[in-house]
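A.B. asks: Hey, dropping data_30.txt in here, compact mmCIF, C-alpha atoms:
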```txt
# COMPACT_ATOMS: atom_id res chain seq x y z
CA MET A 18 -56.26 0.46 -41.89
CA VAL A 19 -54.79 1.00 -38.45
CA ALA A 20 -54.60 -2.74 -37.90
CA GLU A 21 -52.79 -3.20 -41.20
CA ARG A 22 -50.29 -0.55 -40.29
CA GLY A 23 -49.79 -2.13 -36.92
CA GLY A 24 -49.19 -5.47 -38.56
CA GLY A 25 -46.70 -3.85 -40.90
CA LEU A 26 -44.83 -2.36 -37.98
CA LEU A 27 -44.61 -5.69 -36.26
CA LEU A 28 -43.38 -7.32 -39.46
CA VAL A 29 -40.72 -4.71 -39.99
CA TYR A 30 -39.66 -4.95 -36.38
CA SER A 31 -39.46 -8.68 -36.38
CA GLU A 32 -37.11 -8.37 -39.34
CA LEU A 33 -35.09 -5.69 -37.67
CA MET A 34 -34.79 -7.54 -34.40
CA SER A 35 -33.33 -10.50 -36.18
CA THR A 36 -30.63 -8.37 -37.72
CA GLN A 37 -28.33 -7.34 -34.91
CA GLY A 38 -25.95 -4.56 -35.67
CA VAL A 39 -27.56 -3.41 -38.91
CA THR A 40 -27.82 0.36 -39.10
CA SER A 41 -31.39 0.95 -38.18
CA THR A 42 -32.77 3.34 -40.76
CA LEU A 43 -35.01 0.65 -42.20
CA TYR A 44 -38.06 1.75 -40.28
CA GLU A 45 -37.56 5.39 -41.23
CA SER A 46 -37.10 4.33 -44.85
CA TRP A 47 -40.22 2.17 -44.75
CA VAL A 48 -42.36 4.97 -43.33
CA THR A 49 -41.14 7.62 -45.74
CA ASN A 50 -41.63 5.33 -48.73
CA LEU A 51 -45.21 4.36 -48.00
CA LYS A 52 -47.28 4.52 -51.13
CA ALA A 53 -49.90 6.58 -49.39
CA ALA A 54 -49.93 10.13 -50.69
CA GLN A 55 -47.34 12.06 -48.69
CA GLY A 56 -45.94 15.48 -49.33
CA THR A 57 -42.27 16.23 -48.85
CA ILE A 58 -42.81 17.90 -45.50
CA ARG A 59 -45.03 15.08 -44.26
CA LYS A 60 -42.38 12.57 -45.27
CA ARG A 61 -39.75 14.50 -43.34
CA ILE A 62 -41.95 14.76 -40.27
CA MET A 63 -42.98 11.12 -40.38
CA GLY A 64 -39.42 10.11 -41.11
CA ALA A 65 -38.17 12.01 -38.09
CA PHE A 66 -40.80 10.41 -35.86
CA ALA A 67 -40.00 7.02 -37.28
CA ARG A 68 -36.31 7.42 -36.71
CA ALA A 69 -36.74 8.70 -33.19
CA LEU A 70 -39.39 6.22 -32.14
CA GLY A 71 -38.45 3.22 -34.18
CA ASP A 72 -34.87 3.07 -35.30
CA LYS A 73 -33.41 4.77 -32.24
CA THR A 74 -35.48 2.57 -29.99
CA PHE A 75 -34.14 -0.45 -31.82
CA GLU A 76 -30.57 0.73 -31.44
CA TRP A 77 -31.09 1.34 -27.75
CA MET A 78 -32.72 -2.06 -27.34
CA VAL A 79 -29.83 -3.79 -29.05
CA GLN A 80 -27.28 -1.89 -26.96
CA ALA A 81 -29.26 -2.52 -23.77
CA ASN A 82 -29.20 -6.21 -24.57
CA LEU A 83 -25.41 -6.06 -24.85
CA GLU A 84 -24.70 -3.91 -21.80
CA HIS A 85 -24.22 -6.88 -19.52
CA LEU A 86 -21.41 -8.18 -21.71
CA PRO A 87 -18.17 -6.40 -20.76
CA ALA A 88 -16.73 -6.55 -24.28
CA PHE A 89 -19.75 -4.73 -25.70
CA ALA A 90 -20.76 -2.62 -22.71
CA SER A 91 -20.47 1.13 -22.40
CA ASP A 92 -17.82 2.59 -20.11
CA GLN A 93 -20.44 3.27 -17.44
CA SER A 94 -21.60 -0.33 -17.51
CA VAL A 95 -18.03 -1.63 -17.43
CA ALA A 96 -17.50 0.39 -14.24
CA LEU A 97 -20.64 -1.13 -12.74
CA ILE A 98 -19.62 -4.62 -13.81
CA ALA A 99 -16.19 -4.09 -12.24
CA SER A 100 -17.82 -2.98 -9.01
CA GLU A 101 -20.29 -5.85 -9.03
CA ARG A 102 -17.56 -8.41 -9.61
CA GLN A 103 -15.29 -6.67 -7.08
CA LEU A 104 -12.51 -6.17 -9.58
CA ASP A 105 -9.60 -4.03 -8.48
CA THR A 106 -8.91 -1.26 -10.94
CA SER A 107 -6.00 1.12 -11.18
CA LEU A 108 -5.61 4.82 -11.63
CA GLY A 109 -6.83 5.81 -15.07
CA GLU A 110 -7.14 2.24 -16.25
CA ALA A 111 -8.78 2.03 -19.68
CA PRO A 112 -12.32 0.59 -19.64
CA SER A 113 -11.27 -1.80 -22.41
CA THR A 114 -8.61 -3.30 -20.13
CA ILE A 115 -11.12 -3.71 -17.32
CA ALA A 116 -13.60 -5.21 -19.77
CA ALA A 117 -11.01 -7.76 -20.91
CA ARG A 118 -10.41 -8.78 -17.29
CA ALA A 119 -14.05 -8.83 -16.20
CA PRO A 120 -14.96 -12.27 -17.61
CA TYR A 121 -12.10 -13.74 -15.54
CA TRP A 122 -13.32 -12.48 -12.22
CA LEU A 123 -13.90 -15.97 -10.86
CA GLN A 124 -10.46 -17.15 -11.98
CA ILE A 125 -8.95 -14.13 -10.24
CA ALA A 126 -11.13 -14.59 -7.16
CA LYS A 127 -9.87 -18.11 -6.60
CA PHE A 128 -6.58 -16.59 -5.41
CA SER A 129 -8.39 -14.92 -2.56
CA GLY A 130 -6.81 -15.71 0.77
CA THR A 131 -3.35 -16.25 -0.66
CA GLY A 132 -0.18 -14.25 -0.91
CA LEU A 133 -0.50 -14.31 -4.68
CA GLY A 134 -3.99 -12.87 -4.30
CA ILE A 135 -2.66 -9.94 -2.28
CA LEU A 136 0.00 -9.23 -4.90
CA LEU A 137 -2.59 -9.48 -7.68
CA GLY A 138 -4.92 -7.15 -5.81
CA LEU A 139 -2.14 -4.61 -5.40
CA HIS A 140 -1.12 -5.01 -9.05
CA PHE A 141 -4.61 -4.46 -10.40
CA SER A 142 -4.99 -1.52 -8.03
CA GLY A 143 -1.94 0.03 -9.65
CA TYR A 144 0.66 -0.72 -6.99
CA ASP A 145 3.40 -2.81 -8.53
CA GLY A 146 6.71 -3.81 -7.05
CA ALA A 147 5.38 -5.08 -3.73
CA VAL A 148 7.17 -7.74 -1.73
CA LEU A 149 5.01 -9.67 0.68
CA LEU A 150 7.25 -10.71 3.51
CA GLN A 151 5.86 -13.44 5.73
CA GLN A 152 7.16 -13.82 9.24
CA ASN A 153 8.00 -17.45 8.50
CA GLY A 154 10.74 -16.26 6.19
CA ARG A 155 9.07 -16.49 2.82
CA ALA A 156 9.14 -13.46 0.57
CA LEU A 157 6.62 -13.34 -2.26
CA SER A 158 6.78 -11.07 -5.26
CA LEU A 159 5.28 -10.91 -8.72
CA THR A 160 7.05 -10.82 -12.05
CA LEU A 161 5.40 -8.80 -14.77
CA PRO A 162 3.78 -8.81 -17.20
CA LEU A 163 0.99 -11.11 -16.19
CA PRO A 164 -0.52 -13.43 -18.80
CA PRO A 165 -3.01 -11.66 -21.08
CA PHE A 166 -6.72 -12.26 -20.74
CA VAL A 167 -7.77 -14.13 -23.86
CA LEU A 168 -11.39 -15.17 -24.15
CA GLY A 169 -11.75 -18.92 -24.25
CA GLN A 170 -8.40 -19.53 -22.60
CA ALA A 171 -7.64 -20.16 -18.96
CA TRP A 172 -5.78 -17.48 -17.05
CA ASP A 173 -3.05 -18.64 -14.71
CA PRO A 174 -0.67 -16.16 -13.04
CA THR A 175 0.95 -18.71 -10.73
CA PRO A 176 4.16 -18.91 -12.82
CA ASN A 177 4.58 -15.19 -12.13
CA LEU A 178 4.80 -15.75 -8.40
CA VAL A 179 8.37 -15.65 -7.09
CA VAL A 180 9.01 -17.15 -3.67
CA GLN A 181 12.31 -16.45 -1.99
CA ASN A 182 13.76 -16.86 1.45
CA ALA A 183 13.94 -13.81 3.67
CA SER A 184 17.02 -13.04 5.69
CA ILE A 185 18.68 -15.81 7.62
CA SER A 186 19.01 -15.21 11.31
CA ASP A 187 22.48 -16.09 12.52
CA ALA A 188 21.33 -16.53 16.10
CA VAL A 189 18.55 -18.31 17.88
CA ILE A 190 15.47 -16.11 18.12
CA THR A 191 13.90 -16.62 21.47
CA SER A 192 10.20 -16.11 21.79
CA SER A 193 9.07 -13.27 23.99
CA VAL A 194 5.72 -14.98 24.40
CA THR A 195 7.05 -18.37 25.47
CA PRO A 196 10.55 -17.69 26.81
CA PRO A 197 12.73 -20.30 28.49
CA SER A 198 11.91 -20.97 32.11
CA LEU A 199 12.91 -23.35 34.84
CA VAL A 200 10.41 -25.87 33.66
CA SER A 201 10.44 -25.26 29.94
CA ALA A 202 12.95 -24.67 27.20
CA GLY A 203 10.55 -22.16 25.72
CA ARG A 204 10.03 -21.72 22.06
CA SER A 205 12.61 -20.38 19.71
CA ILE A 206 13.54 -20.19 16.09
CA PRO A 207 16.80 -22.00 15.39
CA ALA A 208 19.76 -20.14 13.98
CA ILE A 209 20.30 -20.19 10.21
CA THR A 210 16.60 -20.12 9.58
CA PRO A 211 14.97 -17.76 7.10
CA TRP A 212 12.92 -15.44 9.24
CA ALA A 213 11.38 -12.00 9.14
CA SER A 214 11.63 -10.44 12.56
CA PHE A 215 8.79 -8.04 13.14
CA ASP A 216 9.22 -8.44 16.88
CA TRP A 217 10.11 -11.20 19.30
CA ASN A 218 6.73 -12.90 19.10
CA THR A 219 7.72 -16.04 17.28
CA ASP A 220 4.62 -17.93 18.36
CA PHE A 221 2.16 -16.19 16.10
CA SER A 222 3.51 -16.48 12.60
CA SER A 223 0.43 -15.74 10.54
CA ARG A 224 1.76 -12.28 10.04
CA PHE A 225 3.25 -10.45 7.12
CA ILE A 226 4.32 -7.03 5.99
CA VAL A 227 4.11 -5.50 2.55
CA LEU A 228 7.21 -3.71 1.32
CA PHE A 229 7.70 -1.51 -1.70
CA PRO A 230 11.49 -1.72 -2.12
CA GLY A 231 11.59 0.96 -4.80
CA GLY A 232 9.19 3.26 -3.02
CA LEU A 233 5.88 4.41 -4.44
CA PRO A 234 5.67 7.22 -6.95
CA ARG A 235 4.80 10.77 -5.96
CA LEU A 236 3.19 12.94 -8.56
CA THR A 237 3.59 16.68 -8.78
CA THR A 238 0.92 18.41 -10.75
CA TYR A 239 0.42 22.08 -11.52
CA ALA A 240 -2.46 24.38 -12.33
CA THR A 241 -3.06 28.03 -13.06
CA ALA A 242 -6.04 30.07 -11.87
CA THR A 243 -6.88 33.08 -14.00
CA PHE A 244 -8.45 36.13 -12.40
CA THR A 245 -10.29 38.66 -14.54
CA GLY A 246 -10.90 41.30 -11.90
CA THR A 247 -14.44 40.25 -11.09
CA GLU A 248 -14.07 37.08 -9.02
CA ASP A 249 -15.15 37.59 -5.42
CA GLY A 250 -16.35 34.14 -4.36
CA THR A 251 -20.03 34.85 -4.86
CA ILE A 252 -22.35 32.63 -6.84
CA VAL A 253 -22.34 35.20 -9.62
CA ASN A 254 -18.55 35.59 -9.62
CA PRO A 255 -17.09 32.40 -8.18
CA TRP A 256 -13.41 31.89 -7.54
CA PRO A 257 -11.61 30.61 -10.62
CA PHE A 258 -10.98 26.90 -10.93
CA ALA A 259 -7.42 25.82 -11.64
CA SER A 260 -7.26 22.52 -13.54
CA TRP A 261 -4.32 20.23 -12.85
CA SER A 262 -1.91 19.72 -15.72
CA VAL A 263 -1.96 16.03 -14.80
CA PRO A 264 -5.30 15.02 -13.27
CA TYR A 265 -5.25 12.31 -10.66
CA LEU A 266 -7.94 9.92 -9.57
CA SER A 267 -9.13 8.62 -6.26
CA ALA A 268 -6.31 6.11 -6.04
CA PHE A 269 -4.14 9.08 -5.11
CA VAL A 270 -4.60 11.93 -2.66
CA ALA A 271 -3.07 15.39 -2.66
CA TYR A 272 -1.21 15.87 0.59
CA ASP A 273 0.46 19.17 -0.11
CA ILE A 274 -0.92 22.21 -1.88
CA MET A 275 1.23 25.22 -2.61
CA VAL A 276 -0.23 28.44 -4.00
CA GLY A 277 2.22 30.52 -6.01
CA ILE A 278 2.90 34.22 -6.06
CA PRO A 279 0.10 36.24 -7.74
CA LYS A 280 1.04 37.50 -11.18
CA THR A 281 -0.84 40.74 -11.65
CA THR A 282 -1.33 42.96 -14.65
CA GLY A 283 -2.00 46.68 -14.49
CA THR A 284 -2.04 48.34 -11.11
CA VAL A 285 0.02 46.58 -8.44
CA PHE A 286 -2.13 45.48 -5.50
CA PRO A 287 -0.99 43.66 -2.39
CA VAL A 288 -3.12 40.65 -3.17
CA VAL A 289 -2.89 37.32 -1.37
CA CYS A 290 -4.24 34.05 -2.78
CA SER A 291 -5.05 30.74 -1.15
CA ALA A 292 -6.50 27.40 -2.18
CA ASP A 293 -10.10 26.57 -1.33
CA ARG A 294 -9.50 23.07 -0.01
CA VAL A 295 -13.21 22.28 0.00
CA SER A 296 -13.10 22.39 -3.78
CA LEU A 297 -9.96 20.25 -4.02
CA SER A 298 -10.34 17.25 -6.32
CA GLY A 299 -8.37 15.18 -8.77
CA LEU A 300 -9.31 17.65 -11.46
CA GLY A 301 -8.21 20.85 -9.79
CA VAL A 302 -8.89 23.37 -7.06
CA ARG A 303 -10.52 26.76 -6.71
CA VAL A 304 -8.26 29.63 -5.75
CA GLN A 305 -9.50 32.53 -3.70
CA SER A 306 -7.93 35.99 -3.46
CA SER A 307 -7.93 38.70 -0.80
CA PHE A 308 -9.75 40.94 -3.26
CA PRO A 309 -10.54 40.96 -6.99
CA PHE A 310 -7.57 41.46 -9.28
CA THR A 311 -6.53 40.84 -12.84
CA GLY A 312 -3.84 38.26 -13.40
CA SER A 313 -3.13 34.67 -12.48
CA VAL A 314 -1.65 32.46 -9.83
CA ASP A 315 -0.05 29.04 -10.10
CA VAL A 316 -0.81 26.14 -7.80
CA LYS A 317 1.20 23.00 -7.13
CA ALA A 318 -0.07 19.78 -5.63
CA THR A 319 2.06 16.91 -4.48
CA VAL A 320 0.07 13.74 -4.82
CA ALA A 321 0.76 10.49 -3.01
CA PRO A 322 -0.64 7.00 -3.30
CA ASN A 323 -3.87 6.58 -1.44
CA THR A 324 -2.99 4.27 1.42
CA ALA A 325 -6.68 3.52 1.89
CA THR A 326 -6.66 1.83 -1.53
CA ILE A 327 -3.59 -0.21 -0.60
CA LYS A 328 -5.14 -1.22 2.72
CA SER A 329 -8.40 -2.13 1.05
CA ALA A 330 -6.65 -4.38 -1.49
CA ILE A 331 -4.67 -6.17 1.20
CA GLN A 332 -7.68 -6.61 3.45
CA LYS A 333 -9.71 -7.96 0.58
CA TRP A 334 -7.21 -10.58 -0.56
CA ARG A 335 -5.38 -11.70 2.55
CA PRO A 336 -6.27 -14.88 4.43
CA ALA A 337 -8.73 -14.09 7.20
CA LYS A 338 -6.33 -15.51 9.77
CA ALA A 339 -3.38 -13.38 8.68
CA THR A 340 -2.42 -10.04 10.15
CA CYS A 341 -0.70 -7.38 8.13
CA VAL A 342 1.87 -5.86 10.45
CA GLY A 343 2.35 -2.86 8.21
CA VAL A 344 3.05 -1.46 4.78
CA TYR A 345 6.40 0.19 4.18
CA GLU A 346 8.25 1.74 1.34
CA LEU A 347 12.01 1.53 1.26
CA ARG A 348 13.58 4.64 -0.18
CA THR A 349 17.04 3.08 -0.36
CA SER A 350 18.46 -0.40 -0.63
CA ALA A 351 19.05 -0.51 3.12
CA GLY A 352 16.20 -2.92 3.62
CA ALA A 353 14.06 -3.71 6.60
CA CYS A 354 12.81 -6.66 8.58
CA GLY A 355 14.67 -9.24 6.57
CA TRP A 356 14.37 -7.81 3.11
CA PRO A 357 16.41 -7.85 0.91
CA PRO A 358 17.72 -11.21 2.15
CA GLN A 359 20.76 -10.86 4.36
CA LYS A 360 21.89 -11.79 7.83
CA VAL A 361 20.16 -9.43 10.18
CA GLY A 362 19.15 -9.10 13.77
CA SER A 363 15.59 -8.07 14.19
CA GLY A 364 13.23 -5.23 13.51
CA ILE A 365 13.64 -2.44 11.07
CA LYS A 366 17.28 -1.76 10.45
CA SER A 367 19.03 1.38 11.52
CA GLY A 368 18.83 4.29 9.17
CA ALA A 369 15.12 4.62 9.63
CA THR A 370 14.91 7.52 7.22
CA SER A 371 15.14 4.95 4.45
CA VAL A 372 11.98 3.27 5.67
CA ASN A 373 8.66 5.05 5.39
CA GLN A 374 5.71 3.47 7.09
CA LEU A 375 2.61 3.90 4.97
CA LEU A 376 0.29 1.82 7.13
CA GLY A 377 0.42 0.33 10.58
CA SER A 378 -0.90 -3.02 11.69
CA PHE A 379 -4.38 -4.04 10.58
CA MET B 24 10.62 17.12 -18.98
CA ALA B 25 10.09 18.31 -15.45
CA ALA B 26 12.59 20.88 -14.28
CA THR B 27 12.89 23.36 -11.43
CA GLN B 28 15.13 26.32 -10.80
CA TYR B 29 15.43 28.72 -7.88
CA VAL B 30 16.21 32.43 -8.04
CA ASN B 31 17.01 34.65 -5.06
CA VAL B 32 16.01 38.31 -5.21
CA ASN B 33 17.45 40.53 -2.48
CA PHE B 34 15.57 43.47 -1.00
CA SER B 35 17.35 46.23 0.97
CA GLY B 36 14.70 48.65 2.08
CA THR B 37 13.06 48.52 -1.32
CA ASP B 38 9.68 47.24 -2.44
CA SER B 39 10.42 46.35 -6.07
CA GLN B 40 13.17 44.33 -7.70
CA SER B 41 13.59 42.65 -11.04
CA ALA B 42 14.28 38.94 -11.32
CA SER B 43 15.50 36.91 -14.24
CA TRP B 44 15.81 33.21 -14.90
CA SER B 45 16.50 30.75 -17.68
CA ASN B 46 13.59 29.76 -19.85
CA LEU B 47 12.76 26.17 -18.96
CA GLY B 48 10.47 25.82 -21.95
CA GLY B 49 6.84 24.82 -21.95
CA THR B 50 4.48 26.18 -19.34
CA GLN B 51 6.37 27.66 -16.42
CA TYR B 52 4.83 27.83 -12.95
CA VAL B 53 6.13 30.36 -10.43
CA PHE B 54 6.13 30.05 -6.64
CA ALA B 55 7.77 32.28 -4.08
CA GLY B 56 8.89 32.41 -0.50
CA VAL B 57 9.63 35.68 1.30
CA GLN B 58 12.23 35.86 4.04
CA THR B 59 12.62 39.03 6.06
CA THR B 60 15.64 39.79 8.20
CA ASP B 61 13.53 40.77 11.20
CA GLY B 62 11.21 37.79 10.99
CA SER B 63 8.15 39.83 10.08
CA THR B 64 5.63 38.71 7.48
CA MET B 65 5.74 40.12 4.02
CA GLY B 66 3.79 39.41 0.84
CA ALA B 67 4.66 39.99 -2.77
CA THR B 68 3.27 39.86 -6.27
CA LEU B 69 4.80 39.62 -9.72
CA THR B 70 4.30 41.98 -12.63
CA ASN B 71 5.71 42.12 -16.16
CA VAL B 72 6.08 38.34 -16.21
CA THR B 73 7.87 36.89 -19.22
CA SER B 74 9.39 33.47 -19.87
CA THR B 75 12.72 34.69 -18.50
CA GLY B 76 11.89 37.18 -15.80
CA ALA B 77 9.51 39.37 -13.84
CA THR B 78 9.33 42.27 -11.44
CA VAL B 79 8.88 41.28 -7.82
CA ASN B 80 6.72 43.76 -5.88
CA ALA B 81 6.68 43.51 -2.12
CA PHE B 82 3.72 44.84 -0.21
CA ALA B 83 6.04 47.38 1.45
CA PRO B 84 9.77 48.17 1.56
CA PHE B 85 11.65 45.56 3.57
CA ASN B 86 15.00 43.92 4.16
CA GLY B 87 15.37 40.32 3.17
CA LYS B 88 14.96 38.16 0.11
CA VAL B 89 12.37 36.57 -2.09
CA THR B 90 13.16 33.11 -3.41
CA LEU B 91 11.38 32.26 -6.63
CA GLU B 92 10.79 28.68 -7.69
CA ILE B 93 10.21 28.28 -11.41
CA ALA B 94 9.00 24.84 -12.42
CA THR B 95 7.76 22.97 -15.46
CA GLN B 96 5.73 19.77 -15.49
```
Show the structure stored in the file as structure tokens.

C.D. replies:
Amino acid sequence: MVAERGGGLLLVYSELMSTQGVTSTLYESWVTNLKAAQGTIRKRIMGAFARALGDKTFEWMVQANLEHLPAFASDQSVALIASERQLDTSLGEAPSTIAARAPYWLQIAKFSGTGLGILLGLHFSGYDGAVLLQQNGRALSLTLPLPPFVLGQAWDPTPNLVVQNASISDAVITSSVTPPSLVSAGRSIPAITPWASFDWNTDFSSRFIVLFPGGLPRLTTYATATFTGTEDGTIVNPWPFASWSVPYLSAFVAYDIMVGIPKTTGTVFPVVCSADRVSLSGLGVRVQSSFPFTGSVDVKATVAPNTATIKSAIQKWRPAKATCVGVYELRTSAGACGWPPQKVGSGIKSGATSVNQLLGSF
Amino acid sequence: MAATQYVNVNFSGTDSQSASWSNLGGTQYVFAGVQTTDGSTMGATLTNVTSTGATVNAFAPFNGKVTLEIATQ
């Protein structure tokens, strides 16, 4: 009897396993419709067991079998696949978008060690608008949108790469490393040559800077902490958590927190509030008060791009031989180091307030 | 639509003053800075907060001003 039942189970399962995607209530139905004498309650109990042990197991097995395929995988698996394939992802990027890109990881990876690769890495990390300015006078940028990722089709972003000349030096640039001497003419860059002058070292040209001509966005987000008169920072009555109106993810960091004026109800107390920075995250922050009160207090966070993410993307995609002299954002059109193209001398132009250095040389 | 407005509230030996502002709509967030004429430190709280105003209560009577920043996301 037991053997027959076991055989029946195997038969049913072999049928189920060959039917991917079919709603798996077949096993439950089979159990509850056995001809053996079963009361209503027994049918319900057996049906529940069958569903939990059989049908659910089947559903999990089917899903488990699909988890390695980005298009069918759960969000958690897509995140793991993205990490495994070293895909750059941007702030709040939808898992479906990452999943669409995941099968193309090798096609993307082949741009590693190129200027286009750096721009792609920054783009997929959420930092658009970059200009990669090479010391040899070539300025690389990316036009958007990039080609879509369509399964079965090749993906080629090379037409999106724009290569322009940097500024043209109107004078000979003499090398500070190999200057003219009595026995040598030294090394120099001829006049009317596109060139990005980071310094006077013209001998080592495997260098570049990354500029964001339009600047990078700053986000201001707000939150309100509500006090009910009991919060005192203990485990029983922890400080209230203020949730940002616009959450931010790890691609950004809060660099300025401002706690507002306490808004009290009832008796007026001289209460002072402050942010508990230990609790600070992209979701919010806890606010502590000088003593319990009833009311609320607003908090403001100014959030900036995470330069560590930018640095990581550049380090990952640049040629091993190349040095990034720095990452700058240009707040105005004044330009720096030969960008936008114009006749310039050398170095960052005057009016340094228009140039904000995000990262130094690395 | 993000918007911000600033309101100055003067204190002349008093510890409570009313402040009013234009309703910016949506959720309004209020921040404040206190400036005393003698450079001392002073705190303040708000009571009777509405969408267009509030009462500013200093911890003690003082001379100076409280600048309120009212902002919306």

A.B. asks: Closest to Val148 in chain A among A:Ile226, A:Ala65, A:Ala259, A:Leu70, using all atoms listed in the file?

C.D. replies: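 Nearest to Val148 in chain A: A:Ile226.
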
A.B. asks: Residues at most 7 Å from Ala67 in chain B, counting only C-alpha atoms, excluding those fewer than 3 positions away in the same chain, as a list in words?

C.D. replies: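 Residues meeting the cut-off are Ile278 and Pro287 of chain A; Val79, Asn80, Ala81 and Phe82 of chain B.
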
A.B. asks: Tell me as a PyMOL selection string which residues belonging to chain A come within 7 Å of chain B, counting only C-alpha atoms.

C.D. replies: chain A and resi 238+277-282+287+315

A.B. asks: Quote the spacing between CA of Ala116 in chain A and CA of Ser100 in chain A in Å to one decimal place.

C.D. replies: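 Between CA of Ala116 in chain A and CA of Ser100 in chain A the gap is 11.8 Å.
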
A.B. asks: To one decimal in Å, tell me the separation between CA of Thr59 in chain B and CA of Ser39 in chain B.

C.D. replies: 14.3 Å

A.B. asks: Within 12 Å of Asn254 in chain A, counting all atoms listed in the file, which residues show up once you throw out same-chain ones fewer than 3 positions away? Write them as number ranges by chain, please.

C.D. replies: A: 244-251, 257-258, 305, 309

A.B. asks: Show me as a VMD selection string the residues that reach within 6 Å of (10.9, 34.7, -0.3), counting all atoms listed in the file and using the file's own coordinates.

C.D. replies: chain B and resid 55 to 58 88 to 90

A.B. asks: With C-alpha atoms retained, could you export that selection as a short mmCIF file (atom, residue, chain, number, x, y, z; two decimals), keeping the file's coordinate frame?

C.D. replies:
```cif
data_model
loop_
_atom_site.label_atom_id
_atom_site.label_comp_id
_atom_site.auth_asym_id
_atom_site.auth_seq_id
_atom_site.Cartn_x
_atom_site.Cartn_y
_atom_site.Cartn_z
CA ALA B 55 7.77 32.28 -4.08
CA GLY B 56 8.89 32.41 -0.50
CA VAL B 57 9.63 35.68 1.30
CA GLN B 58 12.23 35.86 4.04
CA LYS B 88 14.96 38.16 0.11
CA VAL B 89 12.37 36.57 -2.09
CA THR B 90 13.16 33.11 -3.41
#
```

A.B. asks: Just the number, please: distance in Å from CA of Ser298 in chain A to CA of Gly143 in chain A, one decimal.

C.D. replies: 19.4 Å

A.B. asks: Identify the residues around (15.7, 33.2, -24.2) within a radius of 12 Å, measuring from only C-alpha atoms in the coordinates stated by the file, and give them as a ChimeraX atom specification.

C.D. replies: /B:43-48,73-76

A.B. asks: Draw an axis-aligned box over all listed atoms of range 32-35 of chain B, pad each side with 4 Å, and write its centre and edge lengths in Å, one decimal, as AutoDock Vina command-line options.

C.D. replies:
```
--center_x 16.5 --center_y 42.3 --center_z -2.1 --size_x 9.9 --size_y 15.9 --size_z 14.2
```

A.B. asks: What's around Asn153 in chain A at 10 Å? Count only C-alpha atoms, leave out sequence neighbours fewer than 2 positions away in its own chain, and write the answer as a list of chain:residue names.

C.D. replies: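 Listed by chain and then number, they are A:Leu150, A:Gln151, A:Arg155, A:Ala156, A:Asn182, A:Ala183, A:Ile206, A:Thr210, A:Pro211, A:Trp212, A:Ala213, A:Ser214, A:Thr219, A:Phe221, A:Ser222, A:Ser223, A:Arg224, A:Phe225.
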
A.B. asks: What's around Ser329 in chain A at 10 Å? Count only C-alpha atoms, leave out sequence neighbours fewer than 5 positions away in its own chain, and write the answer as a PDB file with C-alpha atoms, keeping the file's coordinate frame.

C.D. replies:
```pdb
ATOM      1  CA  ASP A 105      -9.600  -4.030  -8.480  1.00  0.00           C
ATOM      2  CA  GLY A 138      -4.920  -7.150  -5.810  1.00  0.00           C
ATOM      3  CA  LEU A 139      -2.140  -4.610  -5.400  1.00  0.00           C
ATOM      4  CA  SER A 142      -4.990  -1.520  -8.030  1.00  0.00           C
ATOM      5  CA  THR A 324      -2.990   4.270   1.420  1.00  0.00           C
ATOM      6  CA  TRP A 334      -7.210 -10.580  -0.560  1.00  0.00           C
TER       7      TRP A 334
END
```

A.B. asks: Rank nothing, just name the residue among A:Glu346, A:Glu110, A:Glu45, A:Asp187 nearest to Asp92 in chain A, using all atoms listed in the file.

C.D. replies: A:Glu110

A.B. asks: When you count only C-alpha atoms, which of these residues is closest to Asn82 in chain A: A:Ser186, A:Asn323, A:Gln103, A:Ser94?

C.D. replies: A:Ser94
